[in-house]
>>> print(open('query_36.cif').read())   # mmCIF, C-alpha atoms
data_input
loop_
_atom_site.label_atom_id
_atom_site.label_comp_id
_atom_site.auth_asym_id
_atom_site.auth_seq_id
_atom_site.Cartn_x
_atom_site.Cartn_y
_atom_site.Cartn_z
CA MET N 1 142.29 83.64 111.51
CA ASP N 2 139.27 81.33 111.65
CA LYS N 3 137.74 83.39 114.47
CA LYS N 4 138.18 86.56 112.42
CA ARG N 5 136.48 84.94 109.43
CA THR N 6 133.59 83.71 111.59
CA ASP N 7 133.11 87.17 113.09
CA LYS N 8 133.14 88.71 109.62
CA SER N 9 130.56 86.28 108.25
CA ARG N 10 128.43 86.74 111.37
CA SER N 11 128.44 90.53 111.00
CA LEU N 12 127.64 90.22 107.28
CA LYS N 13 124.78 87.88 108.13
CA SER N 14 123.41 90.21 110.78
CA PHE N 15 123.70 93.15 108.36
CA LEU N 16 121.81 91.25 105.65
CA LEU N 17 119.17 90.17 108.13
CA SER N 18 118.79 93.59 109.76
CA ARG N 19 115.41 95.21 109.36
CA ASN N 20 116.92 98.30 107.78
CA THR N 21 118.55 96.24 105.02
CA VAL N 22 115.36 94.28 104.35
CA GLN N 23 113.41 97.55 104.19
CA ALA N 24 115.92 99.05 101.75
CA ILE N 25 115.76 95.97 99.51
CA ALA N 26 111.95 95.96 99.66
CA ALA N 27 111.80 99.66 98.76
CA LEU N 28 114.13 99.06 95.82
CA ALA N 29 112.14 96.00 94.69
CA SER N 30 108.94 98.06 94.83
CA ASN N 31 110.61 100.80 92.74
CA ILE N 32 112.97 98.91 90.49
CA HIS N 33 112.68 101.11 87.36
CA ILE N 34 115.26 103.67 88.46
CA PRO N 35 116.04 105.10 84.96
CA ASN N 36 112.44 106.35 84.75
CA PHE N 37 113.29 108.96 87.37
CA ILE N 38 115.56 110.61 84.79
CA LYS N 39 113.17 110.08 81.90
CA GLY N 40 110.23 111.57 83.84
CA GLU N 41 107.87 108.75 82.92
CA ILE N 42 106.35 105.71 84.62
CA TYR N 43 106.72 101.99 83.96
CA THR N 44 103.88 100.65 81.81
CA GLY N 45 104.60 96.91 81.70
CA ASN N 46 102.65 93.83 82.74
CA MET N 47 103.98 93.78 86.31
CA LYS N 48 101.39 96.45 86.98
CA TYR N 49 98.67 93.83 86.69
CA SER N 50 99.66 92.95 90.22
CA CYS N 51 99.92 94.92 93.45
CA VAL N 52 102.97 95.38 95.64
CA PRO N 53 102.50 94.55 99.34
CA GLY N 54 103.28 98.01 100.74
CA LEU N 55 101.93 101.49 100.19
CA ASN N 56 103.75 102.55 97.04
CA CYS N 57 102.24 104.99 94.55
CA TYR N 58 101.93 103.54 91.06
CA SER N 59 102.62 106.97 89.66
CA CYS N 60 106.13 106.81 91.03
CA PRO N 61 108.49 106.65 88.02
CA GLY N 62 110.20 103.62 89.51
CA ALA N 63 107.08 101.74 90.66
CA THR N 64 107.27 98.03 89.91
CA GLY N 65 103.60 97.21 90.49
CA ALA N 66 100.30 98.77 91.42
CA CYS N 67 99.45 100.24 94.83
CA PRO N 68 96.75 98.12 96.53
CA ILE N 69 94.93 101.16 97.91
CA GLY N 70 95.04 103.12 94.64
CA SER N 71 93.98 100.06 92.63
CA PHE N 72 91.09 99.26 94.94
CA GLN N 73 89.76 102.80 94.65
CA ALA N 74 90.19 102.77 90.88
CA ALA N 75 88.06 99.62 90.62
CA ALA N 76 85.56 100.78 93.26
CA GLY N 77 85.18 104.11 91.50
CA SER N 78 84.77 102.64 88.02
CA GLN N 79 81.39 102.41 86.32
CA LYS N 80 81.84 98.70 85.73
CA PHE N 81 82.86 97.22 89.10
CA GLY N 82 82.01 99.22 92.23
CA PHE N 83 84.17 96.83 94.27
CA SER N 84 87.44 95.02 93.64
CA PHE N 85 87.58 91.36 94.55
CA TYR N 86 90.90 91.14 92.71
CA VAL N 87 92.73 93.74 94.80
CA LEU N 88 91.03 92.57 97.99
CA GLY N 89 92.18 89.02 97.22
CA ILE N 90 95.79 90.03 96.55
CA ALA N 91 95.95 92.19 99.69
CA MET N 92 94.40 89.34 101.68
CA ILE N 93 97.06 86.92 100.44
CA PHE N 94 99.80 89.29 101.62
CA GLY N 95 97.97 89.90 104.90
CA VAL N 96 97.22 86.25 105.65
CA LEU N 97 100.83 85.30 105.05
CA CYS N 98 102.49 88.07 107.05
CA GLY N 99 99.98 90.42 108.73
CA ARG N 100 101.56 93.76 109.60
CA PHE N 101 105.05 92.34 109.12
CA ILE N 102 104.57 94.08 105.76
CA CYS N 103 104.36 97.45 107.56
CA GLY N 104 107.44 96.67 109.60
CA PHE N 105 109.66 95.26 106.87
CA LEU N 106 108.28 95.69 103.35
CA CYS N 107 106.49 99.04 103.10
CA PRO N 108 108.63 101.81 101.52
CA PHE N 109 106.66 104.55 103.26
CA GLY N 110 107.08 102.82 106.59
CA TRP N 111 110.83 102.72 106.00
CA PHE N 112 110.80 106.41 105.06
CA GLN N 113 109.16 107.22 108.41
CA ASP N 114 111.66 104.99 110.23
CA LEU N 115 114.54 106.90 108.66
CA LEU N 116 113.01 110.25 109.59
CA HIS N 117 112.59 109.06 113.16
CA LYS N 118 116.32 108.38 113.39
CA ILE N 119 116.97 112.14 113.25
CA PRO N 120 118.30 112.90 116.73
CA VAL N 121 115.82 115.32 118.26
CA ARG N 122 113.47 114.97 121.25
CA LYS N 123 110.87 112.22 120.70
CA PHE N 124 107.28 112.15 121.93
CA SER N 125 105.20 109.22 123.11
CA THR N 126 101.80 108.45 121.60
CA LYS N 127 100.61 106.22 124.45
CA ASN N 128 97.92 108.75 125.40
CA LEU N 129 96.72 109.07 121.81
CA LYS N 130 95.64 105.47 121.29
CA VAL N 131 92.15 106.54 120.32
CA LEU N 132 93.60 108.03 117.11
CA THR N 133 94.63 104.55 115.95
CA TYR N 134 90.95 103.94 115.08
CA LEU N 135 91.04 106.78 112.55
CA LYS N 136 92.76 104.60 109.97
CA TYR N 137 89.84 102.14 110.01
CA VAL N 138 87.43 105.00 109.32
CA ILE N 139 89.66 106.11 106.43
CA LEU N 140 89.77 102.53 105.11
CA VAL N 141 86.00 102.16 105.10
CA VAL N 142 84.97 105.69 104.12
CA ALA N 143 87.70 107.13 101.87
CA VAL N 144 88.84 103.88 100.23
CA GLY N 145 85.68 101.76 100.21
CA LEU N 146 82.56 103.91 100.28
CA LEU N 147 83.28 107.33 98.77
CA PRO N 148 84.76 106.16 95.44
CA ALA N 149 81.78 103.85 94.94
CA LEU N 150 79.05 106.22 96.13
CA LEU N 151 80.21 109.76 95.39
CA VAL N 152 80.38 109.61 91.60
CA ASN N 153 80.29 112.17 88.79
CA ASN N 154 77.77 112.32 85.94
CA ALA N 155 79.62 109.58 84.10
CA GLY N 156 79.28 107.29 87.14
CA ILE N 157 82.99 107.46 88.01
CA GLY N 158 84.20 108.06 91.57
CA ALA N 159 87.51 109.70 92.42
CA PRO N 160 90.17 107.91 94.47
CA TYR N 161 89.46 110.10 97.49
CA PHE N 162 92.23 108.78 99.72
CA CYS N 163 94.86 109.20 96.99
CA LYS N 164 93.49 112.58 96.00
CA TYR N 165 93.19 114.30 99.36
CA VAL N 166 95.13 112.32 101.97
CA CYS N 167 97.97 110.17 100.64
CA PRO N 168 101.32 111.99 100.86
CA GLN N 169 103.04 109.24 98.89
CA GLY N 170 101.69 110.47 95.54
CA VAL N 171 103.44 113.82 96.02
CA MET N 172 106.68 112.40 97.40
CA GLN N 173 107.09 109.50 95.01
CA GLY N 174 105.03 110.68 92.07
CA ALA N 175 104.59 114.42 91.70
CA ILE N 176 108.00 115.64 92.87
CA PRO N 177 110.22 113.31 90.78
CA LEU N 178 107.92 113.58 87.76
CA ALA N 179 107.75 117.37 88.00
CA ILE N 180 111.55 117.62 88.21
CA ALA N 181 112.03 115.64 85.02
CA ASN N 182 108.85 116.52 83.10
CA GLU N 183 107.99 120.15 82.30
CA GLY N 184 104.42 119.32 81.28
CA ILE N 185 103.63 117.91 84.72
CA ARG N 186 105.47 120.73 86.43
CA SER N 187 103.29 123.33 84.74
CA ALA N 188 100.07 121.45 85.57
CA LEU N 189 100.60 121.36 89.34
CA GLY N 190 98.08 123.50 91.22
CA PRO N 191 96.21 123.93 94.52
CA LEU N 192 95.70 120.20 95.03
CA PHE N 193 99.46 119.69 94.82
CA MET N 194 99.90 122.45 97.37
CA TRP N 195 97.44 120.80 99.74
CA LYS N 196 99.09 117.41 99.38
CA SER N 197 102.52 118.96 99.88
CA ILE N 198 101.28 120.40 103.19
CA VAL N 199 100.07 116.91 104.19
CA LEU N 200 103.47 115.48 103.23
CA ALA N 201 105.31 118.18 105.20
CA ALA N 202 103.12 117.49 108.24
CA VAL N 203 103.81 113.75 108.01
CA ILE N 204 107.56 114.39 107.69
CA ILE N 205 107.67 116.71 110.71
CA LEU N 206 105.51 114.39 112.81
CA SER N 207 107.59 111.37 111.80
CA ILE N 208 110.71 113.02 113.18
CA LEU N 209 109.02 113.62 116.53
CA ILE N 210 106.71 110.60 116.73
CA TYR N 211 107.28 107.03 115.60
CA ARG N 212 105.36 106.27 112.38
CA PRO N 213 102.39 108.65 112.78
CA PHE N 214 101.07 107.80 109.31
CA CYS N 215 101.11 104.05 110.02
CA LYS N 216 99.51 104.50 113.44
CA TRP N 217 96.71 106.87 112.54
CA ILE N 218 96.19 107.26 108.79
CA CYS N 219 97.26 104.33 106.65
CA PRO N 220 94.27 102.31 105.34
CA LEU N 221 96.56 99.55 104.13
CA GLY N 222 98.02 99.20 107.61
CA ALA N 223 94.45 99.08 108.94
CA PHE N 224 93.61 96.27 106.53
CA TYR N 225 96.69 94.22 107.44
CA ALA N 226 96.02 94.89 111.15
CA LEU N 227 92.69 93.09 110.80
CA LEU N 228 94.59 90.06 109.49
CA ASN N 229 97.29 90.07 112.19
CA ARG N 230 95.38 87.52 114.26
CA VAL N 231 94.83 85.05 111.41
CA SER N 232 98.16 85.42 109.64
CA PHE N 233 100.53 82.48 109.33
CA LEU N 234 103.42 84.54 110.66
CA GLN N 235 102.98 84.91 114.41
CA TYR N 236 104.84 85.94 117.51
CA ARG N 237 104.90 83.70 120.53
CA VAL N 238 105.66 84.49 124.16
CA ASP N 239 107.02 81.56 126.12
CA GLU N 240 105.29 81.74 129.50
CA GLU N 241 107.98 79.72 131.20
CA LYS N 242 110.80 81.95 130.03
CA CYS N 243 109.00 85.31 130.50
CA ILE N 244 109.93 87.05 133.74
CA SER N 245 107.36 89.86 133.28
CA CYS N 246 110.05 92.54 133.36
CA GLY N 247 108.03 94.73 130.97
CA LYS N 248 111.07 95.57 128.81
CA CYS N 249 109.28 94.48 125.62
CA ALA N 250 106.38 96.86 126.24
CA ARG N 251 108.75 99.72 127.07
CA VAL N 252 110.79 99.40 123.87
CA CYS N 253 107.74 99.04 121.59
CA LYS N 254 107.32 102.27 119.63
CA MET N 255 103.90 101.11 118.43
CA ASP N 256 102.68 101.10 122.07
CA VAL N 257 102.03 97.36 122.16
CA ASP N 258 102.49 95.01 125.10
CA ILE N 259 103.12 91.75 123.32
CA THR N 260 102.83 89.72 126.52
CA LYS N 261 99.13 90.65 126.64
CA ASN N 262 98.32 90.08 122.97
CA VAL N 263 100.75 88.52 120.51
CA SER N 264 98.66 89.50 117.49
CA HIS N 265 97.78 93.03 118.57
CA LEU N 266 96.31 95.21 115.81
CA GLU N 267 99.12 97.74 116.16
CA CYS N 268 101.99 95.26 116.15
CA ILE N 269 104.04 95.77 112.97
CA ARG N 270 106.25 92.79 113.88
CA CYS N 271 109.39 94.89 113.79
CA GLY N 272 111.08 92.57 116.30
CA GLU N 273 112.20 95.27 118.78
CA CYS N 274 110.50 93.36 121.62
CA LYS N 275 112.10 90.10 120.56
CA ASN N 276 115.55 91.69 120.42
CA SER N 277 115.13 93.37 123.81
CA CYS N 278 113.88 90.32 125.72
CA PRO N 279 116.53 89.35 128.29
CA THR N 280 115.31 85.74 128.51
CA GLU N 281 114.59 85.17 124.80
CA ALA N 282 110.96 84.42 125.64
CA ILE N 283 109.67 86.03 122.43
CA SER N 284 109.96 84.20 119.14
CA ILE N 285 108.53 84.52 115.65
CA SER N 286 107.51 81.64 113.41
CA ILE N 287 105.13 80.36 110.77
CA ALA N 288 102.44 79.14 113.15
CA LEU N 289 100.58 76.19 111.67
CA ARG N 290 99.49 74.80 115.04
CA LYS N 291 97.48 76.44 117.78
CA ASN N 292 100.08 75.81 120.44
CA GLN N 293 102.61 77.84 118.43
CA ILE N 294 100.85 81.04 119.54
CA LYS N 295 100.36 80.91 123.22
CA GLU N 296 99.13 84.10 124.81
CA ARG N 297 99.57 85.31 128.35
CA VAL N 298 96.38 86.67 129.91
CA MET F 1 100.28 66.75 114.36
CA LYS F 2 96.73 66.23 115.65
CA LYS F 3 93.94 67.49 113.44
CA ARG F 4 92.41 69.70 116.14
CA ASP F 5 95.76 71.40 116.80
CA ILE F 6 95.95 72.84 113.29
CA ARG F 7 95.11 76.53 112.87
CA ILE F 8 92.19 76.54 110.46
CA MET F 9 91.52 80.27 110.08
CA PRO F 10 94.65 81.19 108.10
CA TRP F 11 93.83 78.46 105.56
CA ILE F 12 90.20 79.62 105.27
CA PHE F 13 91.31 83.22 104.74
CA LEU F 14 93.96 82.15 102.24
CA ALA F 15 91.43 80.09 100.29
CA ALA F 16 88.98 83.03 100.32
CA ALA F 17 91.75 85.37 99.13
CA ILE F 18 92.59 83.09 96.22
CA VAL F 19 88.89 82.77 95.29
CA PHE F 20 88.52 86.58 95.39
CA THR F 21 91.62 87.06 93.22
CA VAL F 22 90.47 84.54 90.63
CA ALA F 23 86.93 85.94 90.65
CA GLY F 24 88.38 89.41 90.13
CA VAL F 25 90.42 88.23 87.15
CA PHE F 26 87.30 86.71 85.56
CA ARG F 27 85.41 89.98 86.14
CA GLY F 28 88.10 91.82 84.20
CA GLU F 29 89.42 93.72 87.22
CA ALA F 30 93.05 92.85 86.56
CA ALA F 31 92.92 94.67 83.23
CA ALA F 32 91.27 97.64 84.97
CA VAL F 33 94.07 97.72 87.55
CA LEU F 34 96.69 97.63 84.81
CA GLY F 35 94.83 100.31 82.85
CA LYS F 36 94.92 102.63 85.86
CA ALA F 37 98.45 101.81 86.99
CA ILE F 38 100.16 102.43 83.65
CA LYS F 39 98.85 105.98 83.39
CA ILE F 40 100.00 108.81 85.62
CA CYS F 41 97.29 109.12 88.26
CA LEU F 42 96.43 112.83 88.18
CA GLU F 43 94.67 112.74 91.55
CA CYS F 44 97.60 110.95 93.18
CA VAL F 45 100.20 113.46 92.03
CA GLY F 46 97.99 116.42 92.85
CA ILE F 47 96.97 117.66 89.43
CA GLY F 48 93.26 117.02 89.72
#
>>> encode(input="query_36.cif", output="structure tokens")
Amino acid sequence: MDKKRTDKSRSLKSFLLSRNTVQAIAALASNIHIPNFIKGEIYTGNMKYSCVPGLNCYSCPGATGACPIGSFQAAAGSQKFGFSFYVLGIAMIFGVLCGRFICGFLCPFGWFQDLLHKIPVRKFSTKNLKVLTYLKYVILVVAVGLLPALLVNNAGIGAPYFCKYVCPQGVMQGAIPLAIANEGIRSALGPLFMWKSIVLAAVIILSILIYRPFCKWICPLGAFYALLNRVSFLQYRVDEEKCISCGKCARVCKMDVDITKNVSHLECIRCGECKNSCPTEAISISIALRKNQIKERV
Amino acid sequence: MKKRDIRIMPWIFLAAAIVFTVAGVFRGEAAAVLGKAIKICLECVGIG
């Protein structure tokens, strides 16, 4: 009886701690205003002073807070500011605490791609396409930072170029649910919506075949958090004494990272696949306050 | 814990992040973020 109870509580604990569950909770927390999906309107309260950690369009009816990328562009493109210390600061706080753990566990769009990738069809490796991972840094600097501040209209206002032309989230989370419930929005959708729908369709198809193509190649928020992976408090550690160099961790990593070479690799989303696959439990994750808590193998 | 063993960089970045956030609030950026986030972003949803 006691053994049964222990097994039950263990399986409940592992379910609650599983990445999928955390991702589902994070997606719900980022989009808590569910009734707005029926009303066809967005939340307009004070929580939108702040940003959520993941990529989550603030025009989603359920959105709890502001999207860091959309907010940064709004401030950068405004007549008054040209740059947003506020959004940069908030995103830095998230990044310094967790690095790309946010991509792996807290980003709703990352979870969406994970779910798509579970569809059982043939999968393709991106190991030979590593050069494309630099594209997201170009997008971060050019489309999010420079263009909204420099390419302005007569009133001195720049458009949020990433949101306008690239981000598929606005269509998936914003346009589609709003258009279903709100006739005014439905009738206003035009060529730009068509273009963004094509981008969304491409991301969906690619996500089924390739693991997280948007996170790997496009996402400027992922690029920003990647830059903070090395300095974040949350860190992986590879125990040199336990590691038997079997290479299993590198083989299971869908982000094409070999954690034994670099524990704070730019592409590591800290999903924990390597940790779970390690036969000798050489990989661990912790809040690293001391230097010796992140020992790298060279 | 010896002083030289402590990771300094995360604390420096965290302090900088807090300074940026507070500076942004004093510049009025928080209100600008709210102002944008409580309206439907036409560019985001693909209207224009």
>>> resolve_selection(input="query_36.cif", expression="the PyMOL selection byres ((chain F) within 7 of (chain N))", output="VMD selection string")
chain F and resid 5 to 7 9 to 10 13 to 14 17 to 18 20 to 25 29 to 34 36 to 38 40 to 41 43 to 48
>>> axis_aligned_box(input="query_36.cif", around="range 15-28 of chain F", padding_each_side="3 Å", output="JSON")
{"center_x": 89.0, "center_y": 86.0, "center_z": 92.3, "size_x": 13.2, "size_y": 17.7, "size_z": 22.1}
>>> residues_near_point(input="query_36.cif", point="(112.2, 116.2, 105.9)", cutoff="10 Å", atoms="only C-alpha atoms", output="list in words")
Phe112, Gln113, Leu115, Leu116, Ile119, Leu200, Ala201, Ala202, Val203, Ile204, Ile205, Leu206, Ser207 and Ile208 of chain N
>>> resolve_selection(input="query_36.cif", expression="the PyMOL selection byres ((chain N and resi 40) around 6)", output="list of chain:residue names")
N:Asn36, N:Phe37, N:Ile38, N:Lys39, N:Glu41, N:Leu178, N:Ala181, N:Asn182
>>> closest_residue(input="query_36.cif", among="N:Cys253, N:Cys271, N:Cys219, N:Ser245", to="Leu132 in chain N", atoms="only C-alpha atoms")
N:Cys219
>>> residues_near_point(input="query_36.cif", point="(107.7, 98.8, 105.3)", cutoff="9 Å", atoms="all atoms listed in the file", output="JSON list (two decimals) with C-alpha atoms, keeping the file's coordinate frame")
[["chain", "number", "residue", "atom", "x", "y", "z"],
["N", 22, "VAL", "CA", 115.36, 94.28, 104.35],
["N", 23, "GLN", "CA", 113.41, 97.55, 104.19],
["N", 24, "ALA", "CA", 115.92, 99.05, 101.75],
["N", 26, "ALA", "CA", 111.95, 95.96, 99.66],
["N", 27, "ALA", "CA", 111.80, 99.66, 98.76],
["N", 53, "PRO", "CA", 102.50, 94.55, 99.34],
["N", 54, "GLY", "CA", 103.28, 98.01, 100.74],
["N", 55, "LEU", "CA", 101.93, 101.49, 100.19],
["N", 101, "PHE", "CA", 105.05, 92.34, 109.12],
["N", 102, "ILE", "CA", 104.57, 94.08, 105.76],
["N", 103, "CYS", "CA", 104.36, 97.45, 107.56],
["N", 104, "GLY", "CA", 107.44, 96.67, 109.60],
["N", 105, "PHE", "CA", 109.66, 95.26, 106.87],
["N", 106, "LEU", "CA", 108.28, 95.69, 103.35],
["N", 107, "CYS", "CA", 106.49, 99.04, 103.10],
["N", 108, "PRO", "CA", 108.63, 101.81, 101.52],
["N", 109, "PHE", "CA", 106.66, 104.55, 103.26],
["N", 110, "GLY", "CA", 107.08, 102.82, 106.59],
["N", 111, "TRP", "CA", 110.83, 102.72, 106.00],
["N", 112, "PHE", "CA", 110.80, 106.41, 105.06],
["N", 114, "ASP", "CA", 111.66, 104.99, 110.23]]
>>> build_atoms(input="query_36.cif", residues="range 162-172 of chain N", atoms="all heavy atoms", output="PDB file, keeping the file's coordinate frame")
ATOM      1  N   PHE N 162      91.061 108.857  98.827  1.00  0.00           N
ATOM      2  CA  PHE N 162      92.230 108.780  99.720  1.00  0.00           C
ATOM      3  C   PHE N 162      93.471 109.284  98.988  1.00  0.00           C
ATOM      4  O   PHE N 162      94.217 110.118  99.515  1.00  0.00           O
ATOM      5  CB  PHE N 162      92.446 107.346 100.217  1.00  0.00           C
ATOM      6  CG  PHE N 162      93.704 107.202 101.023  1.00  0.00           C
ATOM      7  CD1 PHE N 162      93.772 107.671 102.320  1.00  0.00           C
ATOM      8  CD2 PHE N 162      94.836 106.621 100.474  1.00  0.00           C
ATOM      9  CE1 PHE N 162      94.947 107.559 103.061  1.00  0.00           C
ATOM     10  CE2 PHE N 162      96.013 106.507 101.194  1.00  0.00           C
ATOM     11  CZ  PHE N 162      96.070 106.977 102.495  1.00  0.00           C
ATOM     12  N   CYS N 163      93.683 108.787  97.762  1.00  0.00           N
ATOM     13  CA  CYS N 163      94.860 109.200  96.990  1.00  0.00           C
ATOM     14  C   CYS N 163      94.818 110.704  96.697  1.00  0.00           C
ATOM     15  O   CYS N 163      95.842 111.385  96.715  1.00  0.00           O
ATOM     16  CB  CYS N 163      94.924 108.462  95.654  1.00  0.00           C
ATOM     17  SG  CYS N 163      95.106 106.687  95.822  1.00  0.00           S
ATOM     18  N   LYS N 164      93.617 111.187  96.432  1.00  0.00           N
ATOM     19  CA  LYS N 164      93.490 112.580  96.000  1.00  0.00           C
ATOM     20  C   LYS N 164      93.711 113.577  97.129  1.00  0.00           C
ATOM     21  O   LYS N 164      94.400 114.577  96.942  1.00  0.00           O
ATOM     22  CB  LYS N 164      92.091 112.774  95.401  1.00  0.00           C
ATOM     23  CG  LYS N 164      91.894 114.116  94.713  1.00  0.00           C
ATOM     24  CD  LYS N 164      90.582 114.150  93.960  1.00  0.00           C
ATOM     25  CE  LYS N 164      90.394 115.513  93.276  1.00  0.00           C
ATOM     26  NZ  LYS N 164      89.150 115.564  92.500  1.00  0.00           N
ATOM     27  N   TYR N 165      93.161 113.301  98.299  1.00  0.00           N
ATOM     28  CA  TYR N 165      93.190 114.300  99.360  1.00  0.00           C
ATOM     29  C   TYR N 165      94.089 113.960 100.563  1.00  0.00           C
ATOM     30  O   TYR N 165      94.424 114.847 101.333  1.00  0.00           O
ATOM     31  CB  TYR N 165      91.771 114.552  99.881  1.00  0.00           C
ATOM     32  CG  TYR N 165      90.866 115.153  98.826  1.00  0.00           C
ATOM     33  CD1 TYR N 165      89.821 114.407  98.279  1.00  0.00           C
ATOM     34  CD2 TYR N 165      91.067 116.450  98.361  1.00  0.00           C
ATOM     35  CE1 TYR N 165      88.999 114.940  97.300  1.00  0.00           C
ATOM     36  CE2 TYR N 165      90.254 116.992  97.381  1.00  0.00           C
ATOM     37  CZ  TYR N 165      89.222 116.232  96.858  1.00  0.00           C
ATOM     38  OH  TYR N 165      88.422 116.764  95.881  1.00  0.00           O
ATOM     39  N   VAL N 166      94.412 112.705 100.742  1.00  0.00           N
ATOM     40  CA  VAL N 166      95.130 112.320 101.970  1.00  0.00           C
ATOM     41  C   VAL N 166      96.555 111.816 101.703  1.00  0.00           C
ATOM     42  O   VAL N 166      97.495 112.252 102.368  1.00  0.00           O
ATOM     43  CB  VAL N 166      94.337 111.250 102.758  1.00  0.00           C
ATOM     44  CG1 VAL N 166      95.029 110.958 104.090  1.00  0.00           C
ATOM     45  CG2 VAL N 166      92.885 111.672 102.979  1.00  0.00           C
ATOM     46  N   CYS N 167      96.707 110.901 100.759  1.00  0.00           N
ATOM     47  CA  CYS N 167      97.970 110.170 100.640  1.00  0.00           C
ATOM     48  C   CYS N 167      99.165 111.062 100.269  1.00  0.00           C
ATOM     49  O   CYS N 167      99.187 111.643  99.184  1.00  0.00           O
ATOM     50  CB  CYS N 167      97.841 109.034  99.639  1.00  0.00           C
ATOM     51  SG  CYS N 167      99.300 107.989  99.635  1.00  0.00           S
ATOM     52  N   PRO N 168     100.151 111.171 101.158  1.00  0.00           N
ATOM     53  CA  PRO N 168     101.320 111.990 100.860  1.00  0.00           C
ATOM     54  C   PRO N 168     102.324 111.307  99.927  1.00  0.00           C
ATOM     55  O   PRO N 168     103.232 111.939  99.403  1.00  0.00           O
ATOM     56  CB  PRO N 168     101.947 112.219 102.242  1.00  0.00           C
ATOM     57  CG  PRO N 168     101.503 111.058 103.063  1.00  0.00           C
ATOM     58  CD  PRO N 168     100.222 110.551 102.491  1.00  0.00           C
ATOM     59  N   GLN N 169     102.129 110.005  99.734  1.00  0.00           N
ATOM     60  CA  GLN N 169     103.040 109.240  98.890  1.00  0.00           C
ATOM     61  C   GLN N 169     103.025 109.712  97.441  1.00  0.00           C
ATOM     62  O   GLN N 169     104.058 109.731  96.789  1.00  0.00           O
ATOM     63  CB  GLN N 169     102.594 107.767  98.916  1.00  0.00           C
ATOM     64  CG  GLN N 169     103.343 106.919  99.889  1.00  0.00           C
ATOM     65  CD  GLN N 169     104.315 106.049  99.164  1.00  0.00           C
ATOM     66  OE1 GLN N 169     104.302 105.985  97.956  1.00  0.00           O
ATOM     67  NE2 GLN N 169     105.170 105.386  99.879  1.00  0.00           N
ATOM     68  N   GLY N 170     101.828 110.049  96.948  1.00  0.00           N
ATOM     69  CA  GLY N 170     101.690 110.470  95.540  1.00  0.00           C
ATOM     70  C   GLY N 170     102.539 111.705  95.247  1.00  0.00           C
ATOM     71  O   GLY N 170     103.114 111.825  94.160  1.00  0.00           O
ATOM     72  N   VAL N 171     102.633 112.614  96.225  1.00  0.00           N
ATOM     73  CA  VAL N 171     103.440 113.820  96.020  1.00  0.00           C
ATOM     74  C   VAL N 171     104.928 113.479  96.116  1.00  0.00           C
ATOM     75  O   VAL N 171     105.721 113.836  95.253  1.00  0.00           O
ATOM     76  CB  VAL N 171     103.073 114.896  97.081  1.00  0.00           C
ATOM     77  CG1 VAL N 171     104.103 116.004  97.101  1.00  0.00           C
ATOM     78  CG2 VAL N 171     101.707 115.466  96.764  1.00  0.00           C
ATOM     79  N   MET N 172     105.261 112.699  97.163  1.00  0.00           N
ATOM     80  CA  MET N 172     106.680 112.400  97.400  1.00  0.00           C
ATOM     81  C   MET N 172     107.279 111.534  96.295  1.00  0.00           C
ATOM     82  O   MET N 172     108.333 111.816  95.758  1.00  0.00           O
ATOM     83  CB  MET N 172     106.830 111.710  98.755  1.00  0.00           C
ATOM     84  CG  MET N 172     108.270 111.563  99.179  1.00  0.00           C
ATOM     85  SD  MET N 172     108.409 110.645 100.693  1.00  0.00           S
ATOM     86  CE  MET N 172     108.241 108.972 100.120  1.00  0.00           C
TER      87      MET N 172
END
